[in-house]
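Structure record follows, encoded as structure tokens.
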Amino acid sequence: MNARINALLLGLALSGPALASDSFNFMTNWYAQAEQGGFYQALAQGLYKKHGLDVTMRMGGPQVNAAQIMAAGQADCIMGSSDIQMMQMREGGLPVVNVAAFFQKDPSVLIAHDDVNKLEDLKGKTLLLAAQSSRSFWPWLKLKYGLSDDQVRPYTFNIQPFLSDRNAAQQGYLTSEPFAIQKAGAKATVMLLADEGFPAYATTVTCMDKTLKARPKQVAAFIRATAEGWKSYFADPAPGNALIKKDNPNMSDELLAYGIAKLKEMAVVTGGDAGKLGIGVITDARAKASYDFLVNAKLLDPAKVKLEQTYSTEFVKNLKVMP
């Protein structure tokens, strides 16, 4: 079947609403938090039901392999931490496709003490990085700023080594570690890698090839309702927050408020192309930038995975849910 006929069939599938009885299982990538607010808001406000879906949201966590669960048929789509993570997963043999990106900026940050003003100042510092960073932002950071592997020490998701060593800098997530460090009373410089040129999208909706072929209407309805959920969440997050706290009782109102404020301040959801094309958008140029980074960093073999296999704009290009 040629590409033109495929596109025509997909257009026909997307043109009608999902059936009212359609169930849809979605798995997040971590415990419920503000970073997933648009999804929970869509559930709380009945936006999924409005678009003909009965959505079950399953919460991820550190010991949960969402991709394996999806491959086993127990989730229709999952939340990818980043588009580059999902591209690498495709190279590993799982036929996954990024179909929406609700974070236009990857929220990865480097946090340094207040004597550091910019990423260039990290030369000579001890860098506390998790092992996964070597397959994400570290090759980019190393190349762009002349940093070296001998600066790296393991990050154990504990801020105490950073607090006790003024020569140390550590990785983090915009809405998480900076809050903990601030609560500990330390003054720190937080540098968002996306604002320095790191190309990755984050908080993707990622589905398997077979799901996109079998359930395009349902996927389209889920993405539209989620985009509307993000818009609603930033206007009044109370409904979504109530569901977040139900799923994750350890979540505090203070951390939720901090997370929302940072997402707004740094335009993580609403900035970039989303400001012109709508919440959740993926563009060809951005997908290519992520792919090219992986290839250039030798983190992906282009002979095994072609760029066009890793993403689709069909579900978002005409969405235009504006911030």
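For the structure tokens, the naming scheme is as follows: chains receive sequential letters (A, B, ...) according to their order of presentation, residues are indexed from 1 within each chain, and ligands are indexed from 1 in presentation order.
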
Can you pull out every residue within 6 Å of region 224-239 of chain A, counting only C-alpha atoms, but drop anything in the same chain fewer than 5 positions away, and send it as a short mmCIF file (atom, residue, chain, number, x, y, z; two decimals) with N, CA and C atoms, in the first residue's frame?
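Output file around-v1.cif follows:
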```cif
data_model
loop_
_atom_site.label_atom_id
_atom_site.label_comp_id
_atom_site.auth_asym_id
_atom_site.auth_seq_id
_atom_site.Cartn_x
_atom_site.Cartn_y
_atom_site.Cartn_z
N GLY A 38 -1.85 17.92 32.42
CA GLY A 38 -2.82 18.00 31.33
C GLY A 38 -3.59 16.71 31.13
N PHE A 39 -2.91 15.59 31.34
CA PHE A 39 -3.55 14.28 31.20
C PHE A 39 -4.58 14.09 32.32
N GLN A 41 -5.97 16.40 34.10
CA GLN A 41 -7.03 17.39 33.95
C GLN A 41 -8.07 16.92 32.93
N ALA A 42 -7.60 16.35 31.83
CA ALA A 42 -8.53 15.84 30.81
C ALA A 42 -9.41 14.74 31.38
N ALA A 44 -10.14 14.42 34.70
CA ALA A 44 -11.00 15.03 35.73
C ALA A 44 -12.13 15.84 35.13
N LEU A 47 -12.90 15.43 29.55
CA LEU A 47 -12.55 15.75 28.17
C LEU A 47 -12.35 14.49 27.33
N TYR A 48 -11.84 13.44 27.94
CA TYR A 48 -11.70 12.19 27.19
C TYR A 48 -13.08 11.64 26.84
N ILE A 279 -0.72 23.16 21.16
CA ILE A 279 -0.18 22.31 22.21
C ILE A 279 -0.05 20.88 21.69
N PRO A 323 -2.40 27.69 23.01
CA PRO A 323 -2.21 28.02 24.45
C PRO A 323 -3.08 29.20 24.88
#
```

Where in region 70-125 of chain A does DSSP assign alpha helix (DSSP H), given as JSON, numbers by chain?
{"A": [70, 71, 83, 84, 85, 86, 87, 88, 89, 90, 91]}

Residue neighbourhood Gln151 (chain A), 6 Å, only C-alpha atoms, exclusion window fewer than 2 positions, as a ChimeraX atom specification:
/A:126-127,148-149

With N, CA and C atoms retained, write the just-selected residues as a PDB file, in the first residue's frame.
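What landed in out_19.pdb:
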```
ATOM      1  N   THR A 126      32.988  18.938  39.490  1.00  0.00           N
ATOM      2  CA  THR A 126      32.512  17.561  39.580  1.00  0.00           C
ATOM      3  C   THR A 126      31.063  17.533  39.125  1.00  0.00           C
ATOM      4  N   LEU A 127      30.751  16.641  38.186  1.00  0.00           N
ATOM      5  CA  LEU A 127      29.401  16.568  37.630  1.00  0.00           C
ATOM      6  C   LEU A 127      28.736  15.269  38.074  1.00  0.00           C
ATOM      7  N   SER A 148      34.364  16.805  30.026  1.00  0.00           N
ATOM      8  CA  SER A 148      35.002  15.500  29.836  1.00  0.00           C
ATOM      9  C   SER A 148      34.444  14.463  30.806  1.00  0.00           C
ATOM     10  N   ASP A 149      34.570  13.193  30.406  1.00  0.00           N
ATOM     11  CA  ASP A 149      34.043  12.093  31.209  1.00  0.00           C
ATOM     12  C   ASP A 149      34.708  12.005  32.580  1.00  0.00           C
TER      13      ASP A 149
END
```

Set the distance at 8 Å and use only C-alpha atoms: which residues neighbour Ala202 (chain A) once local chain neighbours fewer than 4 positions away are removed? I'd like the list as a list of chain:residue names.
A:Gly80, A:Ser81, A:Ser82, A:Asp83, A:Ala101, A:Phe102, A:Phe103, A:Gln104, A:Lys105, A:Asp106, A:Pro107

Would you mind exporting the chosen residues as an mmCIF file, in the first residue's frame, restricted to C-alpha atoms?
```
data_model
loop_
_atom_site.group_PDB
_atom_site.id
_atom_site.type_symbol
_atom_site.label_atom_id
_atom_site.label_comp_id
_atom_site.auth_asym_id
_atom_site.auth_seq_id
_atom_site.Cartn_x
_atom_site.Cartn_y
_atom_site.Cartn_z
ATOM 1 C CA GLY A 80 7.721 8.749 26.685
ATOM 2 C CA SER A 81 10.219 10.646 28.797
ATOM 3 C CA SER A 82 11.659 12.077 25.575
ATOM 4 C CA ASP A 83 11.450 11.553 21.850
ATOM 5 C CA ALA A 101 4.980 15.989 22.263
ATOM 6 C CA PHE A 102 3.364 17.850 25.127
ATOM 7 C CA PHE A 103 6.674 19.258 26.371
ATOM 8 C CA GLN A 104 8.274 21.387 23.678
ATOM 9 C CA LYS A 105 11.319 21.609 25.942
ATOM 10 C CA ASP A 106 12.963 18.683 27.676
ATOM 11 C CA PRO A 107 12.959 19.743 31.377
#
```

Atomic separation - CA of Asp115 (chain A) relative to CA of Glu35 (chain A), Å:
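If I compute the distance from CA of Glu35 (chain A) to CA of Asp115 (chain A), I get 29.2 Å.
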
Contact residues around Ala71 (chain A) with only C-alpha atoms at 10 Å, ignoring same-chain residues under 4 positions, as a PyMOL selection string:
chain A and resi 66-67+75-77+94-96+207-208

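In terms of minimum interatomic distance to Gln85 (chain A), A:Tyr291 ranks closest within A:Trp30, A:Tyr291, A:Phe162, A:Phe222, counting only C-alpha atoms.
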
Excluding Phe24 (chain A) and its own-chain neighbours fewer than 4 positions away, which residues fall within 12 Å of it when counting only C-alpha atoms? Please give them as a PyMOL selection string.
chain A and resi 18-20+43+48-49+51-58+70+73-78+207+211+215-223

Selected residue of minimal separation from Ala289 (chain A) among A:Lys262, A:Phe198, A:Gln63, A:Gln88, counting only C-alpha atoms
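Among A:Lys262, A:Phe198, A:Gln63, A:Gln88, it is A:Phe198 that comes nearest to Ala289 (chain A).
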
Residues of region 63-221 of chain A classed as strand (DSSP E) by DSSP on the backbone are to be reported as number ranges by chain.
A: 77-82, 96-103, 108-113, 126-129, 152-154, 168-173, 188-192, 202-208

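You can rank A:Ile84, A:Ile181, A:Val99, A:Ile111 by their closest distance to Glu314 (chain A) using only C-alpha atoms, and at the top of that list sits A:Val99.
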
CA of Met59 (chain A) to CA of Thr28 (chain A): how many Å, to one decimal?
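CA of Thr28 (chain A) lies 5.2 Å from CA of Met59 (chain A).
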
Within 12 Å of Val295 (chain A), counting only C-alpha atoms, which residues show up once you throw out same-chain ones fewer than 3 positions away? Write them as a ChimeraX atom specification, please.
/A:84,87-88,91,135-136,139-140,288-292,298-307

Keeping N, CA, C and O atoms for every residue in the selection just given, could you write it to a file as a short mmCIF file (atom, residue, chain, number, x, y, z; two decimals), in the first residue's frame?
```cif
data_model
loop_
_atom_site.label_atom_id
_atom_site.label_comp_id
_atom_site.auth_asym_id
_atom_site.auth_seq_id
_atom_site.Cartn_x
_atom_site.Cartn_y
_atom_site.Cartn_z
N ILE A 84 13.87 11.23 22.03
CA ILE A 84 15.10 10.50 21.72
C ILE A 84 15.13 9.14 22.42
O ILE A 84 15.64 8.16 21.87
N MET A 87 13.08 6.95 20.20
CA MET A 87 13.82 6.61 18.98
C MET A 87 14.81 5.49 19.24
O MET A 87 14.95 4.55 18.43
N GLN A 88 15.50 5.55 20.36
CA GLN A 88 16.45 4.51 20.71
C GLN A 88 15.75 3.19 20.98
O GLN A 88 16.27 2.11 20.68
N GLU A 91 15.10 1.52 17.75
CA GLU A 91 16.31 0.84 17.27
C GLU A 91 16.51 -0.49 17.99
O GLU A 91 17.01 -1.46 17.40
N ARG A 135 23.16 8.40 27.48
CA ARG A 135 22.38 8.12 26.28
C ARG A 135 21.38 9.23 25.98
O ARG A 135 20.46 9.06 25.18
N SER A 136 21.57 10.36 26.66
CA SER A 136 20.67 11.50 26.40
C SER A 136 21.50 12.77 26.27
O SER A 136 22.18 12.97 25.26
N PRO A 139 26.34 13.42 26.01
CA PRO A 139 27.17 13.58 24.79
C PRO A 139 27.02 14.96 24.16
O PRO A 139 28.00 15.54 23.67
N TRP A 140 25.81 15.49 24.17
CA TRP A 140 25.57 16.84 23.62
C TRP A 140 26.30 17.89 24.45
O TRP A 140 26.99 18.77 23.93
N LYS A 288 13.79 15.86 13.25
CA LYS A 288 15.07 15.65 12.57
C LYS A 288 16.24 16.08 13.45
O LYS A 288 17.30 15.42 13.47
N ALA A 289 16.05 17.17 14.20
CA ALA A 289 17.13 17.64 15.09
C ALA A 289 17.44 16.60 16.16
O ALA A 289 18.61 16.33 16.47
N SER A 290 16.41 15.99 16.73
CA SER A 290 16.62 14.94 17.73
C SER A 290 17.32 13.73 17.11
O SER A 290 18.28 13.18 17.67
N TYR A 291 16.84 13.33 15.94
CA TYR A 291 17.41 12.17 15.24
C TYR A 291 18.87 12.42 14.86
O TYR A 291 19.74 11.58 15.09
N ASP A 292 19.13 13.60 14.32
CA ASP A 292 20.50 13.93 13.91
C ASP A 292 21.45 13.95 15.09
O ASP A 292 22.60 13.51 14.99
N LYS A 298 26.48 8.96 17.86
CA LYS A 298 26.62 7.50 17.76
C LYS A 298 25.76 6.78 18.81
O LYS A 298 26.14 5.73 19.35
N LEU A 299 24.60 7.35 19.08
CA LEU A 299 23.64 6.74 19.99
C LEU A 299 22.52 6.03 19.23
O LEU A 299 21.64 5.42 19.84
N LEU A 300 22.55 6.12 17.91
CA LEU A 300 21.55 5.46 17.07
C LEU A 300 22.17 5.18 15.71
O LEU A 300 22.87 6.05 15.16
N ASP A 301 21.91 3.99 15.20
CA ASP A 301 22.45 3.59 13.90
C ASP A 301 21.41 3.89 12.82
O ASP A 301 20.36 3.24 12.79
N PRO A 302 21.69 4.84 11.93
CA PRO A 302 20.70 5.20 10.91
C PRO A 302 20.41 4.06 9.93
O PRO A 302 19.40 4.09 9.24
N ALA A 303 21.29 3.06 9.89
CA ALA A 303 21.04 1.90 9.02
C ALA A 303 19.94 1.01 9.60
O ALA A 303 19.30 0.25 8.87
N LYS A 304 19.71 1.13 10.90
CA LYS A 304 18.70 0.30 11.56
C LYS A 304 17.35 1.00 11.67
O LYS A 304 16.31 0.34 11.67
N VAL A 305 17.38 2.33 11.81
CA VAL A 305 16.14 3.08 12.00
C VAL A 305 16.18 4.34 11.14
O VAL A 305 17.12 5.14 11.25
N LYS A 306 15.18 4.51 10.30
CA LYS A 306 15.06 5.73 9.50
C LYS A 306 14.26 6.77 10.28
O LYS A 306 13.36 6.43 11.05
N LEU A 307 14.58 8.03 10.05
CA LEU A 307 13.90 9.13 10.74
C LEU A 307 12.39 9.02 10.62
O LEU A 307 11.66 9.14 11.61
#
```

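Interatomic distance, CA of Val190 (chain A) against CA of Pro178 (chain A): 7.2 Å.
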
Can you work out which one of A:Gly46, A:Gly197, A:Gly280, A:Gly146 has the shortest atom-to-atom distance to Thr313 (chain A), counting only C-alpha atoms?
A:Gly280

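Closest approach to Thr189 (chain A) from the set A:Leu255, A:Ala72, A:Ala100, A:Leu174 is made by A:Leu174, with distances taken over only C-alpha atoms.
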